[in-house]
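Data file: query_18.txt. Format and content: compact mmCIF, C-alpha atoms and all ligand atoms.
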```
# COMPACT_ATOMS: atom_id res chain seq x y z
CA MET P 142 50.99 23.49 257.68
CA LYS P 143 52.06 25.72 254.79
CA LYS P 144 49.74 28.68 254.38
CA ASP P 145 51.52 30.33 251.47
CA HIS P 146 48.33 30.71 249.40
CA LEU P 147 47.34 33.51 251.81
CA HIS P 148 47.91 37.26 251.45
CA LYS P 149 51.18 38.71 252.78
CA ASP P 150 49.23 40.59 255.47
CA THR P 151 48.16 37.18 256.81
CA LEU P 152 51.40 35.29 256.17
CA VAL P 153 53.40 37.69 258.35
CA ILE P 154 51.16 36.66 261.25
CA HIS P 155 50.50 32.93 260.69
CA GLU P 156 52.96 31.24 258.30
CA GLY P 157 55.20 28.49 259.68
CA TYR P 158 53.57 28.21 263.09
CA ASP P 159 50.85 26.01 264.57
CA ASP P 160 49.92 26.99 268.14
CA TYR P 161 48.37 23.55 268.81
CA GLU P 162 51.85 22.04 268.46
CA HIS P 163 53.02 24.37 271.24
CA ARG P 164 50.44 23.90 274.02
CA GLY P 165 48.23 26.58 272.42
CA SER P 166 50.81 29.32 272.92
CA LEU P 167 49.54 32.14 270.70
CA ALA P 168 52.97 33.80 270.60
CA VAL P 169 55.79 31.77 269.06
CA PRO P 170 57.76 30.32 272.01
CA LEU P 171 61.35 31.41 272.47
CA TYR P 172 63.60 28.33 272.43
CA GLN P 173 66.55 30.08 274.06
CA THR P 174 68.82 27.05 274.03
CA ALA P 175 72.22 26.26 272.55
CA THR P 176 71.71 22.51 272.31
CA PHE P 177 69.01 19.81 272.21
CA SER P 178 69.14 16.56 274.15
CA PHE P 179 68.69 13.19 272.43
CA GLU P 180 66.58 10.44 274.00
CA THR P 181 69.24 7.87 273.15
CA ALA P 182 72.76 7.75 271.69
CA GLU P 183 71.29 6.09 268.60
CA GLN P 184 68.90 8.97 268.12
CA GLY P 185 71.86 11.37 268.22
CA GLU P 186 73.62 9.24 265.62
CA ARG P 187 70.55 9.23 263.35
CA ARG P 188 70.16 13.00 263.62
CA PHE P 189 73.80 13.62 262.75
CA ALA P 190 73.51 11.19 259.83
CA GLY P 191 70.46 13.12 258.57
CA GLU P 192 68.28 9.99 258.90
CA GLU P 193 65.91 11.53 261.43
CA GLU P 194 64.35 14.99 261.56
CA GLY P 195 64.99 16.99 264.70
CA HIS P 196 67.22 19.55 266.26
CA ILE P 197 70.85 19.05 267.27
CA TYR P 198 72.50 22.36 268.11
CA SER P 199 71.21 25.91 267.55
CA ARG P 200 73.94 26.83 265.04
CA LEU P 201 72.39 24.20 262.74
CA GLY P 202 68.79 25.21 263.36
CA ASN P 203 66.42 26.22 266.16
CA PRO P 204 62.61 26.02 266.36
CA THR P 205 62.09 29.75 266.98
CA VAL P 206 64.48 30.69 264.19
CA GLY P 207 62.78 28.05 262.00
CA VAL P 208 59.41 29.83 262.21
CA LEU P 209 61.00 33.06 260.97
CA GLU P 210 62.76 31.19 258.14
CA GLU P 211 59.53 29.55 256.97
CA ARG P 212 57.65 32.83 257.15
CA MET P 213 60.30 34.66 255.13
CA ALA P 214 60.45 31.92 252.49
CA ALA P 215 56.68 32.26 251.95
CA LEU P 216 56.82 36.07 251.87
CA GLU P 217 59.56 36.07 249.22
CA HIS P 218 57.93 33.25 247.20
CA GLY P 219 60.99 31.08 247.85
CA GLU P 220 61.43 27.45 248.86
CA ALA P 221 63.62 28.01 251.91
CA ALA P 222 65.21 30.75 253.98
CA LEU P 223 68.23 30.94 256.27
CA ALA P 224 68.60 33.34 259.18
CA PHE P 225 71.92 35.07 259.88
CA GLY P 226 73.37 37.23 262.62
CA SER P 227 73.57 40.26 260.29
CA GLY P 228 72.79 41.32 256.75
CA MET P 229 76.52 41.16 256.03
CA ALA P 230 76.67 37.53 257.24
CA ALA P 231 73.93 36.72 254.69
CA VAL P 232 75.82 38.57 251.92
CA SER P 233 79.08 36.76 252.82
CA ALA P 234 77.43 33.33 253.00
CA VAL P 235 75.82 33.55 249.59
CA LEU P 236 78.86 35.04 247.84
CA VAL P 237 81.24 32.48 249.38
CA HIS P 238 78.77 29.74 248.40
CA LEU P 239 78.61 30.89 244.76
CA THR P 240 82.29 31.59 244.11
CA LYS P 241 85.72 29.99 244.19
CA ALA P 242 89.18 31.50 243.79
CA GLY P 243 89.62 33.18 240.40
CA ASP P 244 85.90 33.74 239.74
CA HIS P 245 84.34 37.08 238.82
CA ILE P 246 81.23 38.82 240.21
CA LEU P 247 79.30 41.44 238.28
CA CYS P 248 77.79 44.06 240.60
CA THR P 249 75.60 47.08 240.37
CA ARG P 250 77.60 50.31 240.37
CA GLY P 251 76.13 51.33 243.71
CA ILE P 252 76.15 48.98 246.66
CA TYR P 253 76.14 49.25 250.44
CA GLY P 254 79.59 50.30 251.75
CA CYS P 255 80.32 47.08 253.69
CA THR P 256 79.32 44.90 250.71
CA PHE P 257 81.88 46.93 248.76
CA GLY P 258 84.36 46.20 251.57
CA LEU P 259 83.60 42.46 251.41
CA LEU P 260 84.22 42.44 247.63
CA GLY P 261 87.63 43.96 248.37
CA ILE P 262 88.46 41.16 250.85
CA LEU P 263 87.37 38.48 248.37
CA GLN P 264 89.58 40.07 245.72
CA GLU P 265 92.63 40.49 247.94
CA LYS P 266 92.51 37.06 249.57
CA TYR P 267 91.03 34.77 246.91
CA ASN P 268 91.43 36.66 243.62
CA ILE P 269 87.65 36.75 243.24
CA THR P 270 87.36 39.87 241.12
CA HIS P 271 84.38 42.10 240.46
CA ASP P 272 83.20 44.91 238.22
CA LEU P 273 80.73 47.58 239.22
CA ILE P 274 78.48 48.56 236.33
CA ARG P 275 75.27 50.54 235.91
CA MET P 276 73.25 47.63 234.45
CA ALA P 277 71.22 50.17 232.50
CA ASN P 278 70.23 47.59 229.87
CA GLU P 279 70.89 44.04 228.67
CA VAL P 280 73.63 45.10 226.21
CA GLU P 281 75.64 46.81 228.94
CA ILE P 282 75.36 43.79 231.25
CA GLU P 283 76.21 41.35 228.48
CA LYS P 284 79.33 43.32 227.51
CA ALA P 285 80.69 43.16 231.07
CA ILE P 286 80.47 39.36 231.37
CA LYS P 287 83.82 37.59 231.42
CA PRO P 288 84.60 33.88 230.99
CA GLU P 289 85.16 33.68 234.77
CA THR P 290 81.90 35.49 235.72
CA VAL P 291 79.70 33.28 237.90
CA CYS P 292 77.11 35.59 239.37
CA ILE P 293 75.39 38.96 239.17
CA TYR P 294 74.91 40.83 242.41
CA VAL P 295 72.23 43.51 242.42
CA GLU P 296 70.89 46.10 244.81
CA THR P 297 67.65 47.75 243.76
CA PRO P 298 66.82 50.39 244.83
CA ILE P 299 70.51 51.04 245.34
CA ASN P 300 71.75 52.23 248.74
CA PRO P 301 71.88 55.25 248.91
CA THR P 302 71.23 56.70 245.43
CA MET P 303 67.78 55.08 244.98
CA GLU P 304 68.73 54.16 241.40
CA LEU P 305 66.79 51.14 240.13
CA VAL P 306 67.99 48.11 238.23
CA ASP P 307 65.61 46.41 235.81
CA LEU P 308 65.48 42.89 237.25
CA GLU P 309 63.88 41.38 234.15
CA ALA P 310 66.84 42.56 232.05
CA VAL P 311 69.34 41.11 234.54
CA VAL P 312 67.53 37.76 234.66
CA ASN P 313 67.33 37.58 230.84
CA VAL P 314 71.10 38.04 230.50
CA ALA P 315 71.88 35.70 233.40
CA GLN P 316 69.76 32.92 231.93
CA ARG P 317 71.44 33.27 228.53
CA HIS P 318 74.88 32.92 230.17
CA GLY P 319 74.12 30.41 232.93
CA LEU P 320 74.85 32.93 235.71
CA ARG P 321 73.27 33.03 239.15
CA VAL P 322 71.58 36.23 240.34
CA VAL P 323 71.53 37.57 243.90
CA VAL P 324 69.35 40.55 244.83
CA ASP P 325 69.70 42.58 248.01
CA ASN P 326 66.04 43.42 248.67
CA THR P 327 66.63 45.33 251.92
CA PHE P 328 65.23 48.67 250.72
CA SER P 329 61.89 47.25 249.52
CA SER P 330 61.22 44.45 252.01
CA PRO P 331 59.30 41.40 250.78
CA TYR P 332 56.10 43.43 250.96
CA LEU P 333 57.07 45.75 248.08
CA GLN P 334 59.25 43.62 245.80
CA ASN P 335 59.76 39.89 245.19
CA PRO P 336 62.77 39.28 242.93
CA LEU P 337 62.45 35.46 243.08
CA LYS P 338 59.16 35.78 241.18
CA ILE P 339 61.08 37.47 238.34
CA GLY P 340 63.57 34.58 238.10
CA VAL P 341 66.34 35.66 240.47
CA ASP P 342 68.09 32.81 242.36
CA PHE P 343 68.66 34.37 245.79
CA VAL P 344 67.18 37.28 247.70
CA LEU P 345 68.76 38.64 250.84
CA HIS P 346 67.88 41.21 253.45
CA SER P 347 69.48 43.18 256.15
CA ALA P 348 66.64 42.20 258.51
CA THR P 349 67.98 44.91 260.80
CA LYS P 350 65.86 47.27 258.70
CA TYR P 351 62.19 46.95 257.64
CA ILE P 352 61.76 43.29 258.58
CA ASN P 353 62.41 44.05 262.23
CA GLY P 354 61.33 47.67 261.98
CA HIS P 355 62.08 48.64 265.56
CA GLY P 356 65.79 49.44 265.47
CA ASP P 357 66.80 46.95 268.16
CA VAL P 358 68.23 43.95 266.30
CA ILE P 359 71.07 43.30 263.84
CA ALA P 360 70.08 40.40 261.58
CA GLY P 361 70.10 39.02 258.05
CA LEU P 362 68.01 36.64 255.93
CA LEU P 363 68.72 34.75 252.74
CA VAL P 364 65.92 33.21 250.65
CA GLY P 365 66.37 30.79 247.77
CA ASN P 366 64.19 28.85 245.38
CA ASP P 367 66.07 25.56 245.54
CA GLN P 368 65.48 23.63 248.76
CA GLU P 369 68.48 21.34 248.27
CA GLU P 370 70.90 24.18 247.55
CA MET P 371 69.67 26.07 250.62
CA ALA P 372 70.22 22.91 252.71
CA THR P 373 73.78 22.80 251.35
CA ILE P 374 74.37 26.42 252.40
CA ARG P 375 72.98 25.61 255.86
CA LYS P 376 75.41 22.69 256.20
CA SER P 377 78.43 24.55 254.81
CA THR P 378 78.88 28.33 254.67
CA MET P 379 76.24 28.94 257.33
CA LYS P 380 77.25 26.22 259.79
CA ASP P 381 81.00 26.47 259.36
CA TYR P 382 81.38 30.25 259.01
CA GLY P 383 78.89 30.39 261.85
CA GLY P 384 77.24 33.79 261.43
CA ILE P 385 73.84 32.59 262.63
CA MET P 386 70.92 34.44 264.20
CA SER P 387 70.21 34.03 267.91
CA PRO P 388 66.81 32.63 268.97
CA PHE P 389 65.99 35.83 270.86
CA ASP P 390 66.70 38.00 267.80
CA ALA P 391 64.50 35.68 265.72
CA TRP P 392 61.76 36.05 268.33
CA LEU P 393 61.98 39.84 268.13
CA LEU P 394 61.95 39.68 264.33
CA ILE P 395 58.84 37.46 264.36
CA ARG P 396 57.16 40.11 266.50
CA GLY P 397 58.32 42.99 264.29
CA LEU P 398 57.46 41.23 261.03
CA LYS P 399 53.76 40.94 262.00
CA THR P 400 53.26 44.64 261.27
CA LEU P 401 55.43 44.83 258.13
CA PRO P 402 52.56 45.51 255.67
CA VAL P 403 50.98 48.12 257.95
CA ARG P 404 54.35 49.80 258.52
CA MET P 405 55.37 49.75 254.84
CA ASP P 406 52.10 51.38 253.81
CA ARG P 407 52.66 54.15 256.36
CA HIS P 408 56.38 54.53 255.52
CA THR P 409 55.35 54.91 251.88
CA SER P 410 52.56 57.42 252.41
CA ASN P 411 54.80 59.48 254.69
CA ALA P 412 57.68 59.32 252.20
CA GLU P 413 55.43 60.44 249.35
CA LYS P 414 54.44 63.56 251.32
CA LEU P 415 58.04 64.34 252.31
CA LYS P 416 59.27 63.76 248.76
CA ASP P 417 56.77 66.30 247.42
CA TYR P 418 57.75 68.75 250.14
CA LEU P 419 61.48 68.37 249.38
CA LYS P 420 60.86 68.84 245.65
CA SER P 421 59.36 72.26 246.43
CA GLN P 422 62.40 73.51 248.37
CA GLN P 423 64.83 76.13 247.03
CA LEU P 424 67.83 74.61 248.80
CA VAL P 425 67.18 71.13 247.40
CA GLU P 426 68.69 70.32 244.00
CA GLU P 427 67.48 66.81 243.21
CA VAL P 428 65.11 64.36 244.90
CA TYR P 429 65.39 60.62 244.21
CA TYR P 430 62.34 58.47 244.91
CA PRO P 431 61.29 55.44 242.82
CA PHE P 432 57.57 56.28 242.55
CA ASP P 433 57.77 59.79 241.24
CA VAL P 434 56.45 60.99 237.90
CA ASP P 435 59.69 62.91 237.29
CA ASN P 436 61.87 59.85 237.93
CA PRO P 437 63.15 58.58 234.55
CA GLN P 438 62.97 55.06 236.02
CA TYR P 439 59.32 55.35 237.10
CA GLU P 440 58.26 52.66 234.57
CA VAL P 441 60.81 50.19 235.98
CA ALA P 442 59.61 51.02 239.50
CA LYS P 443 55.98 50.33 238.61
CA ARG P 444 56.90 47.05 236.91
CA GLN P 445 58.83 45.51 239.80
CA MET P 446 57.74 47.32 242.97
CA LYS P 447 54.33 47.58 244.64
CA ALA P 448 55.14 51.07 245.99
CA GLY P 449 58.09 53.37 246.61
CA GLY P 450 58.80 52.55 250.27
CA GLY P 451 60.22 54.79 252.94
CA LEU P 452 63.58 55.94 251.58
CA ILE P 453 64.30 59.21 249.82
CA SER P 454 67.65 60.60 248.73
CA PHE P 455 68.19 64.23 247.86
CA THR P 456 71.00 66.64 247.18
CA ILE P 457 71.32 69.93 248.91
CA LYS P 458 72.91 73.11 247.51
CA GLY P 459 76.38 73.88 248.85
CA GLY P 460 78.09 70.47 249.20
CA LYS P 461 79.34 68.84 252.39
CA GLU P 462 79.24 71.96 254.56
CA SER P 463 75.58 72.62 253.74
CA ALA P 464 74.69 68.95 254.11
CA GLN P 465 76.19 68.86 257.60
CA LEU P 466 74.61 72.19 258.52
CA PHE P 467 71.23 70.83 257.46
CA LEU P 468 71.64 67.68 259.58
CA ASN P 469 72.71 69.75 262.58
CA SER P 470 69.61 71.94 262.17
CA LEU P 471 67.13 69.06 262.57
CA SER P 472 65.75 68.03 265.93
CA LEU P 473 62.92 65.45 265.62
CA ILE P 474 64.67 63.69 262.74
CA LYS P 475 67.69 61.83 264.11
CA ILE P 476 71.14 61.84 262.55
CA ALA P 477 71.83 58.11 262.35
CA VAL P 478 72.74 55.36 259.92
CA SER P 479 70.47 52.32 259.50
CA LEU P 480 66.96 52.64 258.12
CA GLY P 481 63.49 51.20 258.22
CA ASP P 482 62.78 52.12 261.82
CA ALA P 483 59.74 53.84 263.35
CA GLU P 484 61.99 56.87 263.91
CA THR P 485 62.87 59.03 260.91
CA LEU P 486 66.63 58.91 260.35
CA ILE P 487 68.92 60.96 258.13
CA GLN P 488 72.54 60.35 257.20
CA HIS P 489 75.30 61.72 254.97
CA PRO P 490 76.50 58.70 252.92
CA ALA P 491 79.79 60.29 251.76
CA THR P 492 81.05 60.60 255.35
CA MET P 493 79.04 57.77 256.93
CA THR P 494 77.73 54.54 255.29
CA HIS P 495 79.88 54.91 252.16
CA SER P 496 82.95 56.58 253.63
CA VAL P 497 84.93 53.33 253.05
CA VAL P 498 84.46 53.66 249.29
CA PRO P 499 87.38 55.54 247.68
CA GLU P 500 86.31 59.03 246.51
CA GLU P 501 86.57 58.37 242.77
CA GLU P 502 84.54 55.17 243.04
CA ARG P 503 82.05 56.85 245.37
CA LEU P 504 81.48 59.74 242.95
CA SER P 505 81.04 57.31 240.06
CA MET P 506 78.30 55.64 242.16
CA GLY P 507 76.57 59.03 242.33
CA ILE P 508 77.36 59.55 246.01
CA THR P 509 78.36 63.20 246.04
CA ASP P 510 79.12 65.32 249.11
CA SER P 511 75.68 66.94 248.69
CA LEU P 512 73.72 63.69 248.91
CA LEU P 513 71.59 62.95 251.96
CA ARG P 514 69.57 59.80 252.66
CA LEU P 515 66.33 60.09 254.57
CA SER P 516 64.68 56.99 256.06
CA VAL P 517 61.14 58.18 256.63
CA GLY P 518 59.64 56.75 259.81
CA LEU P 519 56.15 56.37 261.16
CA GLU P 520 55.66 59.72 262.88
CA HIS P 521 52.92 62.11 261.75
CA PRO P 522 54.06 63.54 258.38
CA ASP P 523 53.16 67.11 259.36
CA ASP P 524 55.56 66.95 262.32
CA LEU P 525 58.33 65.70 260.06
CA ILE P 526 57.69 68.44 257.50
CA GLN P 527 57.74 71.01 260.29
CA ASP P 528 61.17 69.73 261.40
CA LEU P 529 62.48 69.91 257.82
CA GLU P 530 60.99 73.38 257.43
CA ALA P 531 62.68 74.63 260.60
CA ALA P 532 66.03 73.24 259.40
CA PHE P 533 65.72 74.93 255.99
CA THR P 534 64.82 78.23 257.66
CA LYS P 535 67.84 77.95 259.98
CA MET P 536 70.06 77.11 257.05
CA GLU P 537 68.83 80.07 255.01
CA ALA P 538 69.60 82.39 257.95
CA VAL P 539 73.15 81.01 258.28
CA LEU P 540 73.76 81.31 254.52
CA ALA P 541 72.35 84.86 254.46
CA GLU P 542 74.62 85.87 257.33
CA LYS P 543 77.61 84.33 255.60
CA SER P 544 76.95 86.14 252.32
CA SER P 545 76.51 89.47 254.13
CA ASN P 546 79.94 89.12 255.84
N1 LIG P 601 72.50 45.51 252.48
C1 LIG P 601 72.03 46.77 252.52
C2 LIG P 601 71.31 47.33 251.33
C3 LIG P 601 72.21 47.54 253.66
O1 LIG P 601 71.71 48.79 253.68
C4 LIG P 601 72.92 46.98 254.77
C5 LIG P 601 73.17 47.79 255.98
C6 LIG P 601 73.39 45.68 254.67
C7 LIG P 601 73.16 44.96 253.52
C8 LIG P 601 74.12 45.04 255.81
O2 LIG P 601 73.23 44.72 256.82
P1 LIG P 601 73.62 44.61 258.40
O3 LIG P 601 74.77 43.67 258.47
O4 LIG P 601 73.97 45.96 258.87
O5 LIG P 601 72.38 44.05 259.00
N2 LIG P 601 72.96 49.15 255.80
C9 LIG P 601 73.18 50.12 256.64
C10 LIG P 601 72.94 51.47 256.32
O6 LIG P 601 72.59 51.90 255.24
N3 LIG P 601 73.17 52.19 257.37
O7 LIG P 601 73.63 51.45 258.43
C11 LIG P 601 73.68 50.07 258.02
```
Go through the file and emit its structure as C-alpha cells.
Ligand code: LCS
Amino acid sequence: MKKDHLHKDTLVIHEGYDDYEHRGSLAVPLYQTATFSFETAEQGERRFAGEEEGHIYSRLGNPTVGVLEERMAALEHGEAALAFGSGMAAVSAVLVHLTKAGDHILCTRGIYGCTFGLLGILQEKYNITHDLIRMANEVEIEKAIKPETVCIYVETPINPTMELVDLEAVVNVAQRHGLRVVVDNTFSSPYLQNPLKIGVDFVLHSATKYINGHGDVIAGLLVGNDQEEMATIRKSTMKDYGGIMSPFDAWLLIRGLKTLPVRMDRHTSNAEKLKDYLKSQQLVEEVYYPFDVDNPQYEVAKRQMKAGGGLISFTIKGGKESAQLFLNSLSLIKIAVSLGDAETLIQHPATMTHSVVPEEERLSMGITDSLLRLSVGLEHPDDLIQDLEAAFTKMEAVLAEKSSN
C-alpha cells in the first residue's frame, strides 16, 4: 500500500512495507540472497520475459532493497527510485543513461571531486564534454548551452563551498531548451529539499551520508519522476554496469532512514549554533551557511530548502598551514572526509575531497587553501564549541610564539 500522503516523519518509518505480508515482522526482513528460485521452468521464462511480477536475481531487484527504493521515491516526491552500491554509481548510471558520445553536460562550477573525475573519464573516453559554470541566473545558464548539450547537472548546496543554485532558474532554462536536469541532493537529504517538486528530472544521493546517518555504509540512490524511464535504467545502466546495493546495506539504510527527520533537525540546530560561534571568531574570515542573514543567497535558501542542514564551510586566516594546524588542534571533532554522521567531522577540501581537481579549477570553484568543511554531528553543541574554542586558543598560542621568534 502506498502511504505517500503521509508526513515525511511517518513515511521514513512506514512507506513501502506491510508487516502482514511478512508474517508480522515489524522490522523489514533481510533477504540476504543472490538469487530466487522459480516454481517451474515456465515461471522462470515468464519472469525473464517480464510477463510475471517477481524476483529473479538480486542485481535486478531484491525485496529488502525494494522497500528502501519505494520509501525514497515517496520521500523525494518521485515515481521510482533505484539503489546503488555508492553515490558515485548513482551519478555514473544517470549520466551514462542521459548521454551518448559527443554530447555536452552543463555543470555547476563546484561539484564533488569524484564527480569531477567521472566527467574527465567521460570526456577522455567518449568525447562527452562539459562546462562548469556558476549558474547565477537564467541568462548565464542560457548562454552556456551548446547544440550538443543534453543535460544540466547541479549540486546545491555545492560540496564544499555551500554555494546555492536557484533550481527554479535552472528548470526554467532546461524546459525552454528541452534539457534534462539532475540534482545531487546529498547535502540536504530529502527532508530539507525536494528538487523533483520544482520540476527537476532526477535527484540522486550519496546515501552514505544523511540517509544512512551512521557512517557504516557506502551507498547511493537515484529517484526519478518517470516510472518507465526508471525501469529502463534498471534494465540497462544499472543491471549491466552492475553497481547495485547489497541487501544488507539496504537493511542498514532502512534502519538509519527511520530517524532522518529527527537527526536533520538536530544537525541543523547544532549547525546554527556552531555557525554563530564561528562568525564571532577572530581567526575565521568567512562562514558559509545557507540559512544565515548575512548570506547573499539567503532568499534562494528559504525558497528551496526547509532549513540549512548540518554542513558549514569557513575560511581560516593563514592559508593551508593554519588550516592544518587548526585540524590538528581539535580532539572531539574528527579529521575525516564523508559527512552526515552522528560524529562531527572536519576536512580540508583542497588536500582531501577536492585534491583531484587541478589547482586553477579548484580555486575557480572557490576551494582555497584556507577553506574547511565542518559536518556538524549530533553531539551536545556546547561540547563541540568547547572543542573549537580549545583549538582556536592553541592556534593563537602557536601564532603568537611564531611572531615573537
Ligand atoms: N555527491 C556528493 C555531493 C558527495 O559529497 C559524494 C561523496 C558523492 C556524491 C559520492 O558518494 P559516495 O560514492 O562516496 O557514496 N562525498 C564525500 C565527501 O565529501 N567526503 O567523502 C566522500
Here's a test: counting only C-alpha atoms, identify every protein, DNA and RNA residue with an atom at most 12 Å from (55.0, 47.5, 242.0) in the file's coordinate frame, and state them as an mmCIF file with C-alpha atoms, in the frame of the given file.
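out.cif was written with the following content:
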```
data_model
loop_
_atom_site.group_PDB
_atom_site.id
_atom_site.type_symbol
_atom_site.label_atom_id
_atom_site.label_comp_id
_atom_site.auth_asym_id
_atom_site.auth_seq_id
_atom_site.Cartn_x
_atom_site.Cartn_y
_atom_site.Cartn_z
ATOM 1 C CA SER P 329 61.890 47.250 249.520
ATOM 2 C CA PRO P 331 59.300 41.400 250.780
ATOM 3 C CA TYR P 332 56.100 43.430 250.960
ATOM 4 C CA LEU P 333 57.070 45.750 248.080
ATOM 5 C CA GLN P 334 59.250 43.620 245.800
ATOM 6 C CA ASN P 335 59.760 39.890 245.190
ATOM 7 C CA PRO P 336 62.770 39.280 242.930
ATOM 8 C CA PRO P 431 61.290 55.440 242.820
ATOM 9 C CA PHE P 432 57.570 56.280 242.550
ATOM 10 C CA TYR P 439 59.320 55.350 237.100
ATOM 11 C CA GLU P 440 58.260 52.660 234.570
ATOM 12 C CA VAL P 441 60.810 50.190 235.980
ATOM 13 C CA ALA P 442 59.610 51.020 239.500
ATOM 14 C CA LYS P 443 55.980 50.330 238.610
ATOM 15 C CA ARG P 444 56.900 47.050 236.910
ATOM 16 C CA GLN P 445 58.830 45.510 239.800
ATOM 17 C CA MET P 446 57.740 47.320 242.970
ATOM 18 C CA LYS P 447 54.330 47.580 244.640
ATOM 19 C CA ALA P 448 55.140 51.070 245.990
ATOM 20 C CA GLY P 449 58.090 53.370 246.610
ATOM 21 C CA GLY P 450 58.800 52.550 250.270
#
```
*Within 9 Å of ligand LIG 601 (chain P), counting all atoms listed in the file: which residues, as a PyMOL selection string?*
chain P and resi 226-232+252-256+296-301+325-328+345-350+358-361+477-480+488+490+493-495+514
*Around (64.6, 75.1, 246.7) in the file's frame, which residues reach within 12 Å when counting all atoms listed in the file? Return as a PyMOL selection string?*
chain P and resi 417-428+455-458+530+533-534+536-537
Find the residues of region 179-267 of chain P that sit at most 10 Å from region 311-321 of chain P; for each, write down the nearest two atoms and how far apart they are in Å, to one decimal. Count all atoms listed in the file. Sort by chain, then by number going up, and give it as a tab-separated table.
```
residue	atom	partner	partner_atom	distance
P:Leu239	CA	P:Arg321	CA	8.0
P:Ile246	CA	P:Leu320	CA	9.8
P:Leu247	CA	P:Leu320	CA	9.9
```
*Find the distance between CA of Ala531 (chain P) and CA of Gly460 (chain P) and write it in Å to one decimal.*
19.6 Å
_Atomic separation - CA of Glu500 (chain P) relative to CA of Cys248 (chain P), Å_ = 18.2 Å
*Just the residues within 10 Å of Ile274 (chain P), please, counting all atoms listed in the file, with nothing from its chain fewer than 4 positions along; format it as a list in words.*
Leu247, Cys248, Thr249, Arg250, Gly251, Glu281, Ile282, Ala285, Ser505 and Met506 of chain P
*Considering only C-alpha atoms, return as number ranges by chain whatever protein or nucleic-acid residues lie within 8 Å of Leu515 (chain P), sequence-local ones (same chain, fewer than 3 positions apart) excluded.*
P: 452-454, 485-488
With 6 Å added on each side, what axis-aligned box encloses every listed atom of region 215-225 of chain P? Give the centre and edge lengths in Å to one decimal, as JSON.
```
{"center_x": 64.3, "center_y": 31.8, "center_z": 253.5, "size_x": 27.2, "size_y": 20.6, "size_z": 24.7}
```
_Would you compute the distance between CA of Glu211 (chain P) and CA of Arg188 (chain P)? Give it in Å to one decimal._
20.8 Å
*Smallest atom-to-atom distance to Leu398 (chain P): which of P:Glu210, P:Glu484, P:Glu186, P:Asp381, using all atoms listed in the file?*
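Of the candidates, the smallest distance to Leu398 (chain P) is held by P:Glu210.
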_Using only C-alpha atoms, can you tell me which of P:Glu156, P:Glu501, P:Asp390, P:Asp244 comes closest to Ile293 (chain P)?_
P:Asp244
*Which residues, written as a PyMOL selection string, have at least one atom at most 9 Å from Val169 (chain P), with all atoms listed in the file counted and residues fewer than 2 positions away on the same chain left out?*
chain P and resi 158-160+163+166-167+171+205+208+392+395-396
